[in-house]
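Notes follow once the structure below has been shown.
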Amino acid sequence: MKTFEYERATDVASAVATLDRAPNAKPLGGGTNLVDLMKLGVERPDLLVDVSRVDFGGVDELPDGGLRIGAGVRNSDLAAHPLVRTRYPALTRALVSAASGQLRNQATTGGNLLQRTRCTYFMDTTKPCNKREPGTGCGAIAGLSRELGILGVNDLCIATHPGDMAVALAALDAVVVFETVDGEQRLPIDEFFREPGDDPTRDTNLPSGALITAVELPSLPVATNSTYRKARDRRSYAFALGSVAAALSVDEAGLVTDVRIALGAASPVPWRARKAEEALVGSPATPASFAAAAQLELAAATTTEQNAFKVPLLTRLVVGVLSELAGLDHEGDDPAEDVDPSPFRPTGANGSPRRVAADVEPGTRNATGTDGSAS
């Protein structure tokens, strides 16, 4: 690990001032991703600014009925908060599907937004990767791409955002609040994350020297009927092969009046499925409509031989989740039953293919198990 300096900040102002004067400094919250990347030599900051003891506030109700979530709120505490569980159940379900209980107890809201891709080529400094080292190429495109992106990708990068929390936040129209030396600023989460474009090194549009201080959730009546579903290779400690956060409102005639859909493990950003949403509003709330909308969204997918299975997987996830929210008794919504077994798919001890697992179990604060993201 590269030698670095360390400072502990006492408040937001001192942290921002330090980050502003040291261009190669990083804020340290839970450290569950940043420290790992430093050990691998992927992240090489000159200075760590420890913000773990800065008071960012807790989970507070806003005047309009929304919530303000302090950047230092731990993932486990956020998942268990009564207002989150009742008003934004998709967020609770996304959080408890991520990482182990121990990691959720350490990871923070702000740090989770800044976690970086787990693409093999990004994590291995001996491999080419435009995200880690511009101009070296993307080894994944002709290499191992089974877990990587199909939407919003280009010839420079096909990495995926690894998180679960941010997928739910994308469906819930969250706003990221941050502080710079010029004061407090906000970015809608759609504008916070950025697709690779011609500079894959940048995952977000957060300005240099900025410090995330909070996430705000608007009052969103449809969010009370929301959920999150994640498909992965095993039920514990695995990143998503595909995930969906969705909220749905249906009128007495059975027509969709409001719908929010975001896809995870599909893109370098949490992917808001706006084409599908537009197609569904006013349409019958049926599995056929849900499938047609998902296919419309995924028509723009750019796949490799190894990750083409994500198109049917995500389609089935969307149909399953929306059918559940609509109260439909839809059979065959288990994505494990319809994933094309890639030749690069991990195998069990006896050489047989592992079955893709799809689960969404609301957990409690110190529950153990589940999967591999946090930060």
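We name chains A, B, ... following the order of the structure tokens; residues begin at 1 in each chain, and ligands are numbered from 1 as shown.
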Per-residue DSSP, stretch 83-301 of chain A, filtered to strand (DSSP E), as a PDB file with C-alpha atoms, in the first residue's frame:
ATOM      1  CA  VAL A 175     -31.177  14.026  -4.339  1.00  0.00           C
ATOM      2  CA  VAL A 176     -27.522  13.979  -3.258  1.00  0.00           C
ATOM      3  CA  VAL A 177     -26.520  16.903  -1.043  1.00  0.00           C
ATOM      4  CA  PHE A 178     -22.871  17.883  -0.838  1.00  0.00           C
ATOM      5  CA  GLU A 179     -20.681  20.647   0.472  1.00  0.00           C
ATOM      6  CA  THR A 180     -17.845  22.495  -1.245  1.00  0.00           C
ATOM      7  CA  GLY A 183     -21.362  26.131   0.078  1.00  0.00           C
ATOM      8  CA  GLU A 184     -24.068  23.467  -0.067  1.00  0.00           C
ATOM      9  CA  GLN A 185     -25.137  22.085  -3.446  1.00  0.00           C
ATOM     10  CA  ARG A 186     -27.503  19.371  -4.711  1.00  0.00           C
ATOM     11  CA  LEU A 187     -27.592  16.904  -7.591  1.00  0.00           C
ATOM     12  CA  PRO A 188     -30.562  14.707  -8.523  1.00  0.00           C
ATOM     13  CA  LEU A 211     -18.011  16.075   0.531  1.00  0.00           C
ATOM     14  CA  ILE A 212     -21.387  14.303   0.461  1.00  0.00           C
ATOM     15  CA  THR A 213     -23.340  15.432   3.519  1.00  0.00           C
ATOM     16  CA  ALA A 214     -26.805  13.929   2.996  1.00  0.00           C
ATOM     17  CA  VAL A 215     -29.292  12.239   0.715  1.00  0.00           C
ATOM     18  CA  GLU A 216     -32.816  13.586   0.481  1.00  0.00           C
ATOM     19  CA  LEU A 217     -35.859  11.537  -0.490  1.00  0.00           C
ATOM     20  CA  SER A 226     -42.237  -0.429  -3.617  1.00  0.00           C
ATOM     21  CA  THR A 227     -39.734  -3.248  -3.412  1.00  0.00           C
ATOM     22  CA  TYR A 228     -36.320  -4.454  -4.555  1.00  0.00           C
ATOM     23  CA  ARG A 229     -35.343  -7.813  -5.992  1.00  0.00           C
ATOM     24  CA  LYS A 230     -31.853  -9.080  -6.690  1.00  0.00           C
ATOM     25  CA  ALA A 231     -30.584 -12.075  -8.662  1.00  0.00           C
ATOM     26  CA  ARG A 232     -27.148 -13.451  -7.884  1.00  0.00           C
ATOM     27  CA  GLY A 242     -29.304  -8.139 -12.145  1.00  0.00           C
ATOM     28  CA  SER A 243     -31.593  -6.247  -9.811  1.00  0.00           C
ATOM     29  CA  VAL A 244     -34.742  -4.153  -9.944  1.00  0.00           C
ATOM     30  CA  ALA A 245     -36.127  -1.460  -7.661  1.00  0.00           C
ATOM     31  CA  ALA A 246     -39.697  -0.501  -8.456  1.00  0.00           C
ATOM     32  CA  ALA A 247     -42.745   1.311  -7.143  1.00  0.00           C
ATOM     33  CA  LEU A 248     -46.225   0.954  -8.585  1.00  0.00           C
ATOM     34  CA  SER A 249     -49.653   2.530  -8.291  1.00  0.00           C
ATOM     35  CA  VAL A 250     -52.722   1.028 -10.008  1.00  0.00           C
ATOM     36  CA  VAL A 256     -51.053   1.895 -14.052  1.00  0.00           C
ATOM     37  CA  THR A 257     -51.187   5.457 -12.723  1.00  0.00           C
ATOM     38  CA  ASP A 258     -47.612   5.790 -11.482  1.00  0.00           C
ATOM     39  CA  VAL A 259     -44.569   3.574 -11.791  1.00  0.00           C
ATOM     40  CA  ARG A 260     -40.875   3.889 -10.989  1.00  0.00           C
ATOM     41  CA  ILE A 261     -38.307   1.338 -12.197  1.00  0.00           C
ATOM     42  CA  ALA A 262     -34.521   1.238 -11.798  1.00  0.00           C
ATOM     43  CA  LEU A 263     -32.199  -1.559 -12.898  1.00  0.00           C
ATOM     44  CA  GLY A 264     -29.012  -2.632 -11.135  1.00  0.00           C
ATOM     45  CA  TRP A 271     -30.281   2.663 -14.616  1.00  0.00           C
ATOM     46  CA  ARG A 272     -33.614   4.461 -14.460  1.00  0.00           C
TER      47      ARG A 272
END
Any idea what's packed within 9 Å of A:Leu328, counting only C-alpha atoms, ignoring anything in its chain fewer than 6 positions away? Could you give it as number ranges by chain? A: 285-287, 322
DSSP on the backbone, then: every residue of stretch 166-359 of chain A marked alpha helix (DSSP H), written as a PyMOL selection string. chain A and resi 166-171+189-192+274-280+287-298+310-326
Could you check the closest approach to A:Ile158 for each of A:Pro268, A:Gly57, A:Gly137, A:Pro221 and tell me which residue wins, using only C-alpha atoms? A:Pro268
Using only C-alpha atoms, find the one residue out of A:Asp20, A:Arg104, A:Leu172, A:Val73 that sits nearest to A:Thr224.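 Of A:Asp20, A:Arg104, A:Leu172, A:Val73, the one nearest A:Thr224 is A:Leu172, counting only C-alpha atoms.
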For A:Glu191, which of A:Gln115, A:Tyr237, A:Pro270, A:Val35 is the closest residue, counting only C-alpha atoms?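 With only C-alpha atoms as the atom set, the closest residue is A:Pro270.
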Counting only C-alpha atoms, figure out which residue out of A:Val12, A:Leu113, A:Ala288, A:Val42 gets nearest to A:Thr201.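 The shortest atom-to-atom distance to A:Thr201 comes from A:Val42.
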Can you tell me how far atom CA of A:Ser208 sits from atom CA of A:Met1, in Å to one decimal?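 Interatomic distance, atom CA of A:Ser208 to atom CA of A:Met1: 23.3 Å.
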With only C-alpha atoms as the counted atoms, please give the residues lying no more than 10 Å from A:Asn112, apart from itself and same-chain residues fewer than 4 positions off, as JSON, numbers by chain. {"A": [29, 30, 31, 32, 33, 71, 74, 75, 104, 107, 108, 116, 162, 163, 164, 165, 166, 373, 374, 375]}
Just write the chosen residues, N, CA, C and O atoms, as an mmCIF file, in the first residue's frame.
data_model
loop_
_atom_site.group_PDB
_atom_site.id
_atom_site.type_symbol
_atom_site.label_atom_id
_atom_site.label_comp_id
_atom_site.auth_asym_id
_atom_site.auth_seq_id
_atom_site.Cartn_x
_atom_site.Cartn_y
_atom_site.Cartn_z
ATOM 1 N N GLY A 29 -15.077 7.316 5.356
ATOM 2 C CA GLY A 29 -16.238 7.104 6.215
ATOM 3 C C GLY A 29 -16.161 5.722 6.822
ATOM 4 O O GLY A 29 -15.399 5.465 7.750
ATOM 5 N N GLY A 30 -16.909 4.782 6.256
ATOM 6 C CA GLY A 30 -16.829 3.399 6.715
ATOM 7 C C GLY A 30 -15.579 2.702 6.211
ATOM 8 O O GLY A 30 -15.043 1.804 6.861
ATOM 9 N N GLY A 31 -15.114 3.098 5.034
ATOM 10 C CA GLY A 31 -13.864 2.567 4.491
ATOM 11 C C GLY A 31 -13.948 1.152 3.945
ATOM 12 O O GLY A 31 -12.925 0.555 3.604
ATOM 13 N N THR A 32 -15.152 0.597 3.815
ATOM 14 C CA THR A 32 -15.253 -0.810 3.428
ATOM 15 C C THR A 32 -14.890 -1.078 1.981
ATOM 16 O O THR A 32 -14.595 -2.214 1.618
ATOM 17 N N ASN A 33 -14.908 -0.074 1.133
ATOM 18 C CA ASN A 33 -14.453 -0.227 -0.251
ATOM 19 C C ASN A 33 -13.130 0.493 -0.474
ATOM 20 O O ASN A 33 -12.194 -0.062 -1.071
ATOM 21 N N ALA A 71 -25.103 11.730 5.764
ATOM 22 C CA ALA A 71 -24.130 10.922 5.023
ATOM 23 C C ALA A 71 -23.465 9.864 5.882
ATOM 24 O O ALA A 71 -22.982 8.855 5.375
ATOM 25 N N ARG A 74 -25.302 4.714 9.096
ATOM 26 C CA ARG A 74 -24.855 3.377 8.695
ATOM 27 C C ARG A 74 -25.966 2.655 7.920
ATOM 28 O O ARG A 74 -27.152 2.842 8.197
ATOM 29 N N ASN A 75 -25.565 1.826 6.998
ATOM 30 C CA ASN A 75 -26.541 1.119 6.152
ATOM 31 C C ASN A 75 -27.530 0.308 6.986
ATOM 32 O O ASN A 75 -28.722 0.244 6.681
ATOM 33 N N ARG A 104 -22.648 -3.941 6.690
ATOM 34 C CA ARG A 104 -23.741 -2.956 6.748
ATOM 35 C C ARG A 104 -23.653 -2.118 8.015
ATOM 36 O O ARG A 104 -24.064 -0.965 8.036
ATOM 37 N N ALA A 107 -20.669 0.364 6.883
ATOM 38 C CA ALA A 107 -20.789 1.189 5.675
ATOM 39 C C ALA A 107 -21.727 2.377 5.908
ATOM 40 O O ALA A 107 -22.721 2.276 6.631
ATOM 41 N N THR A 108 -21.418 3.488 5.275
ATOM 42 C CA THR A 108 -22.196 4.712 5.441
ATOM 43 C C THR A 108 -22.977 5.046 4.166
ATOM 44 O O THR A 108 -22.649 4.581 3.070
ATOM 45 N N ARG A 116 -16.849 1.837 -5.847
ATOM 46 C CA ARG A 116 -16.426 1.704 -7.235
ATOM 47 C C ARG A 116 -16.687 0.294 -7.761
ATOM 48 O O ARG A 116 -16.932 -0.641 -7.008
ATOM 49 N N PRO A 162 -21.724 -1.253 -8.653
ATOM 50 C CA PRO A 162 -21.915 -2.499 -7.906
ATOM 51 C C PRO A 162 -22.987 -2.445 -6.824
ATOM 52 O O PRO A 162 -23.326 -3.468 -6.247
ATOM 53 N N GLY A 163 -23.522 -1.263 -6.549
ATOM 54 C CA GLY A 163 -24.355 -1.108 -5.361
ATOM 55 C C GLY A 163 -25.795 -1.554 -5.524
ATOM 56 O O GLY A 163 -26.297 -1.765 -6.627
ATOM 57 N N ASP A 164 -26.450 -1.682 -4.385
ATOM 58 C CA ASP A 164 -27.881 -1.962 -4.312
ATOM 59 C C ASP A 164 -28.638 -0.720 -3.849
ATOM 60 O O ASP A 164 -29.686 -0.386 -4.394
ATOM 61 N N MET A 165 -28.121 -0.042 -2.829
ATOM 62 C CA MET A 165 -28.793 1.122 -2.279
ATOM 63 C C MET A 165 -29.079 2.167 -3.344
ATOM 64 O O MET A 165 -30.184 2.721 -3.424
ATOM 65 N N ALA A 166 -28.088 2.439 -4.195
ATOM 66 C CA ALA A 166 -28.247 3.499 -5.190
ATOM 67 C C ALA A 166 -29.303 3.156 -6.233
ATOM 68 O O ALA A 166 -29.910 4.059 -6.820
ATOM 69 N N SER A 373 -21.966 -5.948 -1.495
ATOM 70 C CA SER A 373 -21.650 -4.545 -1.718
ATOM 71 C C SER A 373 -21.998 -3.770 -0.482
ATOM 72 O O SER A 373 -22.751 -4.188 0.346
ATOM 73 N N ALA A 374 -21.430 -2.673 -0.331
ATOM 74 C CA ALA A 374 -21.703 -1.738 0.769
ATOM 75 C C ALA A 374 -20.799 -0.550 0.537
ATOM 76 O O ALA A 374 -20.655 -0.125 -0.577
ATOM 77 N N SER A 375 -20.134 -0.060 1.462
ATOM 78 C CA SER A 375 -19.084 0.924 1.416
ATOM 79 C C SER A 375 -19.302 2.029 2.387
ATOM 80 O O SER A 375 -20.371 2.429 2.647
#
